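This report refers to the structure that appears directly beneath it.
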Amino acid sequence: MDSKENTNAIQFKYLDLVTVAFTVILILSNFGSSAKIIDWGVSIGKIRLAFDAGTVFFPFAYIFGDVLTEVYGYARTRRVIWIGFGALLFTFLMFWLIRVLPGESLWQQTVGQEAFEAVLGGISFGGIVLASILGYLIGSFANSLIMAIMKKLTSGKHLWMRTIGSTIIGEFLDSAIFIAIASLTGVFPWVLFWSLTLTNYIFKVAIEVFFTPVTYWFTGKLKHAEGVDVYSDLTDLNPLSF
């Protein structure tokens with residue numbers, strides 16, 4: 001297996017599929033965030049454990065992010081993160097266009113612009129767009145950087161330590177930034193800030209821990225299929241490169 005990140009000549013079999021899966025999950029999570037807030041019906045002290053529905057999807061994007069960095073290295077993961085950013089931006093712009101285009105009369109009577117605004121308006125303009133983009137970029141790059149650095153420091157051992165450790169930091173940054181900006185811009189009421197932040201964070205980290213055996217299995221299969229085990233070049237960690 002190749003231990004260097006300079007493997008540009010290799011034609012990877014599954015990198016494109018993992019990239020597509022990562023991007024689809026990312027986009028679906030934003031639809032979920034705009035559409036519904038879920039209440040578990042339990043509390044931690046006075047904090048109600050409620051979360052936006054995008055939380056159901058987003059932990060899996062982090063799992064794919066872990067797999068990408070572990071198998072293909074930080075440089076390729078950085079590229080996938082920017083591809084995801086482009087897909088998000090395109091989604092937001094297209095739904096903004098759909099929002100401002102005039103509605104057909106029968107649709108206006110049976111569904112209406114207000115219903116569209118209430119459910120899908122959030123992913124077409126304003127706070128949730130800014131919250132999603134900043135939370136995603138900062139959280140994803142933090143997750144991937146920590147994975148790459150820890151792999152080098154641990155000589156590729158203790159994958160569980162890297163996946164969980166990177167998620168603890170990356171998901172915290174993502175959740176806190178997303179909820180804070182969304183609350184500041186009126187997408188979520190401020191009264192739900194701690195409830196949404198805490199629940200998002202607990203749920204996302206718990207999913208990562210729960211799926212650790214799957215992550216082990218998936219990375220092992222991919223490393224074997226691709227014939228690589230990439231150690232990232234820690235002199236090239238600039239997140240702005242593509």
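Residue numbering restarts at 1 for every chain of the structure tokens, chains are lettered A, B, ... in their displayed order, and ligands are numbered from 1 as they appear.
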Do you know which residues are at most 6 Å from range 44-52 of chain A counting only C-alpha atoms, after dropping those on the same chain fewer than 3 positions away, and could you put them as a list in words? Ser33, Lys36, Ile37, Ile38, Asp39, Trp40, Thr55, Ser195, Leu196, Thr199 and Asn200 of chain A
Would you mind exporting all heavy atoms of the selected residues as a short mmCIF file (atom, residue, chain, number, x, y, z; two decimals), in the first residue's frame?
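Listing of out26.cif after writing:
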```cif
data_model
loop_
_atom_site.label_atom_id
_atom_site.label_comp_id
_atom_site.auth_asym_id
_atom_site.auth_seq_id
_atom_site.Cartn_x
_atom_site.Cartn_y
_atom_site.Cartn_z
N SER A 33 -32.96 20.55 7.54
CA SER A 33 -32.83 21.65 8.50
C SER A 33 -33.89 22.72 8.26
O SER A 33 -34.42 23.31 9.21
CB SER A 33 -31.44 22.29 8.38
OG SER A 33 -30.44 21.39 8.79
N LYS A 36 -38.03 21.02 9.20
CA LYS A 36 -38.69 20.58 10.43
C LYS A 36 -37.74 20.64 11.63
O LYS A 36 -36.54 20.41 11.48
CB LYS A 36 -39.20 19.13 10.26
CG LYS A 36 -40.05 18.62 11.39
CD LYS A 36 -40.63 17.22 11.05
CE LYS A 36 -41.55 16.72 12.13
NZ LYS A 36 -42.15 15.40 11.78
N ILE A 37 -38.30 20.92 12.80
CA ILE A 37 -37.58 20.78 14.07
C ILE A 37 -38.21 19.61 14.82
O ILE A 37 -39.43 19.55 14.99
CB ILE A 37 -37.65 22.07 14.92
CG1 ILE A 37 -36.87 23.19 14.22
CG2 ILE A 37 -37.08 21.83 16.31
CD1 ILE A 37 -36.91 24.51 14.95
N ILE A 38 -37.38 18.68 15.25
CA ILE A 38 -37.84 17.45 15.90
C ILE A 38 -37.64 17.56 17.41
O ILE A 38 -36.63 18.10 17.87
CB ILE A 38 -37.06 16.23 15.35
CG1 ILE A 38 -37.35 16.07 13.84
CG2 ILE A 38 -37.41 14.96 16.10
CD1 ILE A 38 -36.44 15.07 13.16
N ASP A 39 -38.59 17.07 18.16
CA ASP A 39 -38.53 17.11 19.63
C ASP A 39 -38.55 15.68 20.16
O ASP A 39 -39.50 14.93 19.93
CB ASP A 39 -39.74 17.89 20.19
CG ASP A 39 -39.62 18.16 21.68
OD1 ASP A 39 -38.79 17.49 22.34
OD2 ASP A 39 -40.36 19.01 22.19
N TRP A 40 -37.49 15.29 20.87
CA TRP A 40 -37.41 13.95 21.42
C TRP A 40 -38.35 13.75 22.62
O TRP A 40 -38.59 12.62 23.02
CB TRP A 40 -35.97 13.66 21.88
CG TRP A 40 -35.09 13.18 20.79
CD1 TRP A 40 -35.46 12.77 19.55
CD2 TRP A 40 -33.66 13.06 20.83
NE1 TRP A 40 -34.37 12.41 18.81
CE2 TRP A 40 -33.26 12.58 19.57
CE3 TRP A 40 -32.71 13.32 21.81
CZ2 TRP A 40 -31.92 12.33 19.27
CZ3 TRP A 40 -31.38 13.09 21.50
CH2 TRP A 40 -30.99 12.59 20.25
N THR A 55 -30.09 17.27 11.17
CA THR A 55 -29.18 16.55 12.05
C THR A 55 -29.22 15.05 11.78
O THR A 55 -28.24 14.34 12.02
CB THR A 55 -29.55 16.83 13.52
OG1 THR A 55 -29.57 18.24 13.71
CG2 THR A 55 -28.54 16.24 14.48
N SER A 195 -30.94 24.44 23.32
CA SER A 195 -31.59 23.16 23.06
C SER A 195 -31.11 22.57 21.74
O SER A 195 -30.70 21.40 21.68
CB SER A 195 -33.11 23.34 23.03
OG SER A 195 -33.74 22.13 22.69
N LEU A 196 -31.12 23.38 20.68
CA LEU A 196 -30.70 22.89 19.36
C LEU A 196 -29.21 22.59 19.33
O LEU A 196 -28.79 21.56 18.78
CB LEU A 196 -31.05 23.92 18.29
CG LEU A 196 -32.54 24.13 18.00
CD1 LEU A 196 -32.73 25.29 17.04
CD2 LEU A 196 -33.17 22.87 17.45
N THR A 199 -28.43 19.40 21.56
CA THR A 199 -28.99 18.18 20.98
C THR A 199 -28.28 17.81 19.69
O THR A 199 -27.98 16.63 19.45
CB THR A 199 -30.49 18.34 20.72
OG1 THR A 199 -31.12 18.85 21.89
CG2 THR A 199 -31.12 17.01 20.36
N ASN A 200 -28.03 18.81 18.83
CA ASN A 200 -27.27 18.54 17.60
C ASN A 200 -25.93 17.91 17.92
O ASN A 200 -25.54 16.91 17.30
CB ASN A 200 -27.04 19.86 16.84
CG ASN A 200 -28.11 20.16 15.82
OD1 ASN A 200 -27.96 19.87 14.64
ND2 ASN A 200 -29.21 20.73 16.27
#
```
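Scanning range 22-78 of chain A with DSSP on the backbone, the strand (DSSP E) assignments fall on Ile37, Ile38, Asp39, Trp40, Gly41, Val42, Ser43, Ile44, Ile47, Arg48, Leu49, Ala50, Phe51 and Asp52 of chain A.
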Deliver the residues from the most recent selection as a file, using N, CA and C atoms, as a short mmCIF file (atom, residue, chain, number, x, y, z; two decimals), in the first residue's frame.
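Final output, saved to selection29.cif:
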```cif
data_model
loop_
_atom_site.label_atom_id
_atom_site.label_comp_id
_atom_site.auth_asym_id
_atom_site.auth_seq_id
_atom_site.Cartn_x
_atom_site.Cartn_y
_atom_site.Cartn_z
N ILE A 37 -38.30 20.92 12.80
CA ILE A 37 -37.58 20.78 14.07
C ILE A 37 -38.21 19.61 14.82
N ILE A 38 -37.38 18.68 15.25
CA ILE A 38 -37.84 17.45 15.90
C ILE A 38 -37.64 17.56 17.41
N ASP A 39 -38.59 17.07 18.16
CA ASP A 39 -38.53 17.11 19.63
C ASP A 39 -38.55 15.68 20.16
N TRP A 40 -37.49 15.29 20.87
CA TRP A 40 -37.41 13.95 21.42
C TRP A 40 -38.35 13.75 22.62
N GLY A 41 -38.81 14.84 23.19
CA GLY A 41 -39.70 14.73 24.34
C GLY A 41 -38.97 14.52 25.65
N VAL A 42 -37.64 14.76 25.66
CA VAL A 42 -36.86 14.62 26.90
C VAL A 42 -36.02 15.88 27.08
N SER A 43 -35.50 16.07 28.28
CA SER A 43 -34.72 17.26 28.59
C SER A 43 -33.47 16.89 29.39
N ILE A 44 -32.45 17.74 29.29
CA ILE A 44 -31.29 17.68 30.18
C ILE A 44 -31.37 18.92 31.05
N ILE A 47 -33.00 22.16 29.62
CA ILE A 47 -32.78 22.26 28.18
C ILE A 47 -33.50 21.13 27.46
N ARG A 48 -34.46 21.48 26.63
CA ARG A 48 -35.23 20.52 25.86
C ARG A 48 -34.39 19.96 24.72
N LEU A 49 -34.40 18.65 24.53
CA LEU A 49 -33.61 18.03 23.46
C LEU A 49 -34.40 18.05 22.15
N ALA A 50 -34.36 19.19 21.49
CA ALA A 50 -34.97 19.35 20.17
C ALA A 50 -33.86 19.61 19.16
N PHE A 51 -34.07 19.19 17.92
CA PHE A 51 -33.04 19.40 16.90
C PHE A 51 -33.67 19.55 15.53
N ASP A 52 -32.98 20.31 14.66
CA ASP A 52 -33.47 20.43 13.29
C ASP A 52 -33.27 19.11 12.57
#
```
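CA of Gly122 in chain A is positioned 25.6 Å from CA of Ile63 in chain A.
The closest residue to Leu240 in chain A, picked from A:Leu88, A:Ile138, A:Ile98, A:Ile25 and counting only C-alpha atoms, is A:Ile138.
Neighbouring residues of range 166-172 of chain A at 6 Å or closer, counting only C-alpha atoms and skipping chain neighbours under 6 positions away, are A:Gly139, A:Ala142, A:Asn143, A:Ile146, A:Met147.
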For the residues selected in the previous step, produce a file with all heavy atoms as a compact mmCIF listing (two decimals), in the first residue's frame.
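What ended up in part.txt:
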```
# COMPACT_ATOMS: atom_id res chain seq x y z
N GLY A 139 -16.42 23.39 10.07
CA GLY A 139 -16.49 22.08 10.72
C GLY A 139 -15.83 20.98 9.91
O GLY A 139 -15.10 20.15 10.45
N ALA A 142 -11.97 21.43 9.85
CA ALA A 142 -11.43 21.07 11.17
C ALA A 142 -11.40 19.56 11.34
O ALA A 142 -10.40 18.99 11.80
CB ALA A 142 -12.27 21.71 12.28
N ASN A 143 -12.46 18.90 10.94
CA ASN A 143 -12.55 17.44 11.04
C ASN A 143 -11.45 16.76 10.23
O ASN A 143 -10.75 15.87 10.72
CB ASN A 143 -13.93 16.99 10.56
CG ASN A 143 -14.15 15.50 10.73
OD1 ASN A 143 -14.42 15.02 11.83
ND2 ASN A 143 -14.06 14.75 9.65
N ILE A 146 -7.76 17.49 11.58
CA ILE A 146 -7.46 16.73 12.80
C ILE A 146 -7.23 15.26 12.47
O ILE A 146 -6.32 14.62 12.99
CB ILE A 146 -8.59 16.91 13.84
CG1 ILE A 146 -8.60 18.36 14.34
CG2 ILE A 146 -8.42 15.96 15.02
CD1 ILE A 146 -9.84 18.73 15.10
N MET A 147 -8.06 14.72 11.57
CA MET A 147 -7.88 13.33 11.14
C MET A 147 -6.49 13.12 10.54
O MET A 147 -5.79 12.15 10.87
CB MET A 147 -8.94 12.96 10.10
CG MET A 147 -10.29 12.57 10.67
SD MET A 147 -10.33 10.89 11.34
CE MET A 147 -10.06 9.90 9.86
```
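Distance annotation: of A:Ser241, A:Ser34, A:Gln113, A:Thr23, the residue with the minimal separation from Arg78 in chain A is A:Ser241; atom set is only C-alpha atoms.
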Mind checking which residues fall within 10 Å of range 180-184 of chain A, counting only C-alpha atoms, ignoring those fewer than 2 positions away in the same chain, and posting them as a ChimeraX atom specification? /A:122,126-132,134-135,174-178,186-194,196-197
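Using only C-alpha atoms, the nearest neighbour of Met150 in chain A within the list A:Ser29, A:Thr69, A:Asn238, A:Ser105 is A:Thr69.
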